[in-house]
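Trainee: Sharing a structure here in structure tokens format.
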Amino acid sequence: MRAYYLLWTGAGGFVFPFISLFYAQKGLSGTQMGWLTTIGSLIGLISAPFIGRISDNAINPRRVLQLCLFGSGALMLALGQQNLFIAMAVIIAIEALVGAPVYPLSDAQALSISSEKEGFGSIRLWGSLGWAITAFIGGWMVSRAGLVSIFWGYAALYGLCILMLGRIITTPKPASAAEEHHLPLGKVARSLVTQRTLLGLTIALSIFWLSNGGRHQFETLYMHQLGASEQLIGWAYTYPALMELPIMLWADKLVRKHGAGKILSLSILIEGISLIAIVVYPSIASIMFMRAASGFYYSFYAIASVGY
């Protein structure tokens, strides 16, 4: 599972630091880039819980994850060949349908085999190592082979993820066990409203991601406008991921000692302070400081949100 996280999160390190540069190269406006993010987010909002429900009720849920990985890898490879906004929008929409569930399904697989002694952080930190490696390599690839190369890297690692999942030996759930988890959708929806813990988390994360969506979309473009090269952008996503390796293990201990809620709140507080620094002093140096702080706040967020 650690090797899987190395490959899976590493695939994201190829694409996501450079995707806005790809859109800009194709001539898309800021509004069009925003629409692509909106389309993907709205469809992912529906598909992630829907396919997650299918996985919960499947005798072998790993097969569902493998199919989602295959679809996402193939569609991202197709995205790299497009020049028209409408074609990109269609591909983004279909990719979100199968790609958004990969995140919760992967975490569910990891949680199913983690333990109190070796928590989720001991698995998740391998994803940070993968991201650090591919973000750095991605910047090198873009400067030499062009932006289309990152999509090939993404698809190749997703293919390896499918093979890696096939090497994990687990006992399939009996059909009776799958049926026990088949809760009516109405009951699931009511549980989100009636349980204050889940409702509070839903509201908090909705505000958090509403605030962060645009920043993630345009951060690398802003760095490019300030004069950062593709390799510097790759490095800006590399060294924070390397910092995450020990911090995620620390986050495991902090969550056990102080509770997931406090560590999740601390994560958001640290990110807010680092973003204020960019508002006060907009420069590449401020962004690099924020990226360094992300080694802390993302590690706390990744472990505490799942633990919560």
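For the structure tokens, the naming scheme is as follows: chains receive sequential letters (A, B, ...) according to their order of presentation, residues are indexed from 1 within each chain, and ligands are indexed from 1 in presentation order.
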Each residue of segment 81-113 of chain A lying at most 12 Å from segment 140-153 of chain A should get a row with its shortest atom-to-atom pair and the distance in Å to one decimal, counting only C-alpha atoms; could you produce that, ordered by chain and increasing number, as a Markdown table?
Mentor:
| residue | atom | partner | partner_atom | distance |
| --- | --- | --- | --- | --- |
| A:Gln81 | CA | A:Val148 | CA | 7.4 |
| A:Gln82 | CA | A:Val148 | CA | 9.9 |
| A:Asn83 | CA | A:Val148 | CA | 11.5 |
Trainee: Take the residues just selected and output them with C-alpha atoms as a PDB file, in the first residue's frame.
Mentor:
ATOM      1  CA  GLN A  81      -3.819  16.047 -26.896  1.00  0.00           C
ATOM      2  CA  GLN A  82      -6.611  18.676 -26.953  1.00  0.00           C
ATOM      3  CA  ASN A  83      -6.551  22.276 -28.161  1.00  0.00           C
TER       4      ASN A  83
END
Trainee: List every residue of segment 199-281 of chain A that has an atom at most 12 Å from any atom of segment 35-46 of chain A, giving for each one its closest atom pair and the distance in Å to one decimal, counting only C-alpha atoms, sorted by chain and then by ascending residue number, as CSV.
Mentor:
residue,atom,partner,partner_atom,distance
A:Ser206,CA,A:Leu45,CA,11.1
A:Trp209,CA,A:Ser41,CA,10.3
A:Leu210,CA,A:Ser41,CA,10.5
A:Asn212,CA,A:Thr37,CA,11.7
A:Gly213,CA,A:Thr37,CA,7.9
A:Gly214,CA,A:Thr37,CA,8.6
A:Arg215,CA,A:Thr37,CA,11.5
A:His216,CA,A:Thr37,CA,10.0
A:Gln217,CA,A:Thr37,CA,7.7
A:Phe218,CA,A:Thr37,CA,10.9
Trainee: Tell me which of A:Phe136, A:Tyr222, A:Tyr4, A:Trp131 sits closest to Gly30 of chain A, counting only C-alpha atoms.
Mentor: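 Selected residue with least distance to Gly30 of chain A: A:Tyr222.
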Trainee: For a quick check of understanding, using only C-alpha atoms, which of A:Gln32, A:Ser305, A:Ser274, A:Thr134 has the smallest distance to Val255 of chain A?
Mentor: A:Ser305
Trainee: Report, in Å with one decimal, the straight-line distance from atom CA of Pro240 of chain A to atom CA of Ala96 of chain A.
Mentor: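 The value is 26.5 Å.
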Trainee: Which of these residues is nearest to Pro101 of chain A, using only C-alpha atoms: A:Cys161, A:Val280, A:Ile123, A:Leu65?
Mentor: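 Ranked by minimum distance to Pro101 of chain A, first place goes to A:Leu65.
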Trainee: Which of these, A:Gly186, A:Ile51, A:Phe16, A:Leu205, has the shortest distance to Gly99 of chain A once you count only C-alpha atoms?
Mentor: A:Ile51
Trainee: Find, counting only C-alpha atoms, the residue in A:His224, A:Arg256, A:Lys262, A:Arg167 that gets nearest to Pro17 of chain A.
Mentor: A:His224
Trainee: Compare A:Ala260, A:Leu249, A:Leu163, A:Met290 by their minimum atom-to-atom distance to Ile278 of chain A, counting only C-alpha atoms, and give me the closest one.
Mentor: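 Smallest distance to Ile278 of chain A is found for A:Met290.
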Trainee: Excluding Leu75 of chain A and its own-chain neighbours fewer than 3 positions away, which residues fall within 8 Å of it when counting only C-alpha atoms? Please give them as a CSV table (one decimal) with C-alpha atoms, in the first residue's frame.
Mentor:
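Below is the file part_23.csv, written as the result:
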chain,number,residue,atom,x,y,z
A,71,GLY,CA,-10.4,5.6,-16.7
A,72,SER,CA,-8.6,8.6,-15.1
A,78,ALA,CA,-6.4,12.3,-24.0
A,79,LEU,CA,-6.6,15.8,-22.3
A,91,ILE,CA,-12.9,15.2,-21.0
A,92,ILE,CA,-12.6,16.9,-17.6
A,94,ILE,CA,-15.9,12.4,-17.8
A,95,GLU,CA,-12.5,12.2,-15.9
Trainee: Residues at most 10 Å from Arg62 of chain A, counting only C-alpha atoms, excluding those fewer than 6 positions away in the same chain, as a list of chain:residue names?
Mentor: A:Ser55, A:Cys68, A:Leu105, A:Ser106, A:Gln109, A:Ile162, A:Leu165, A:Gly166, A:Ile168, A:Thr170, A:Pro172
Trainee: Would you work out the distance separating atom CA of Met288 of chain A from atom CA of Met33 of chain A, expressed in Å to one decimal?
Mentor: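 Computing it gives 23.7 Å between the two atoms.
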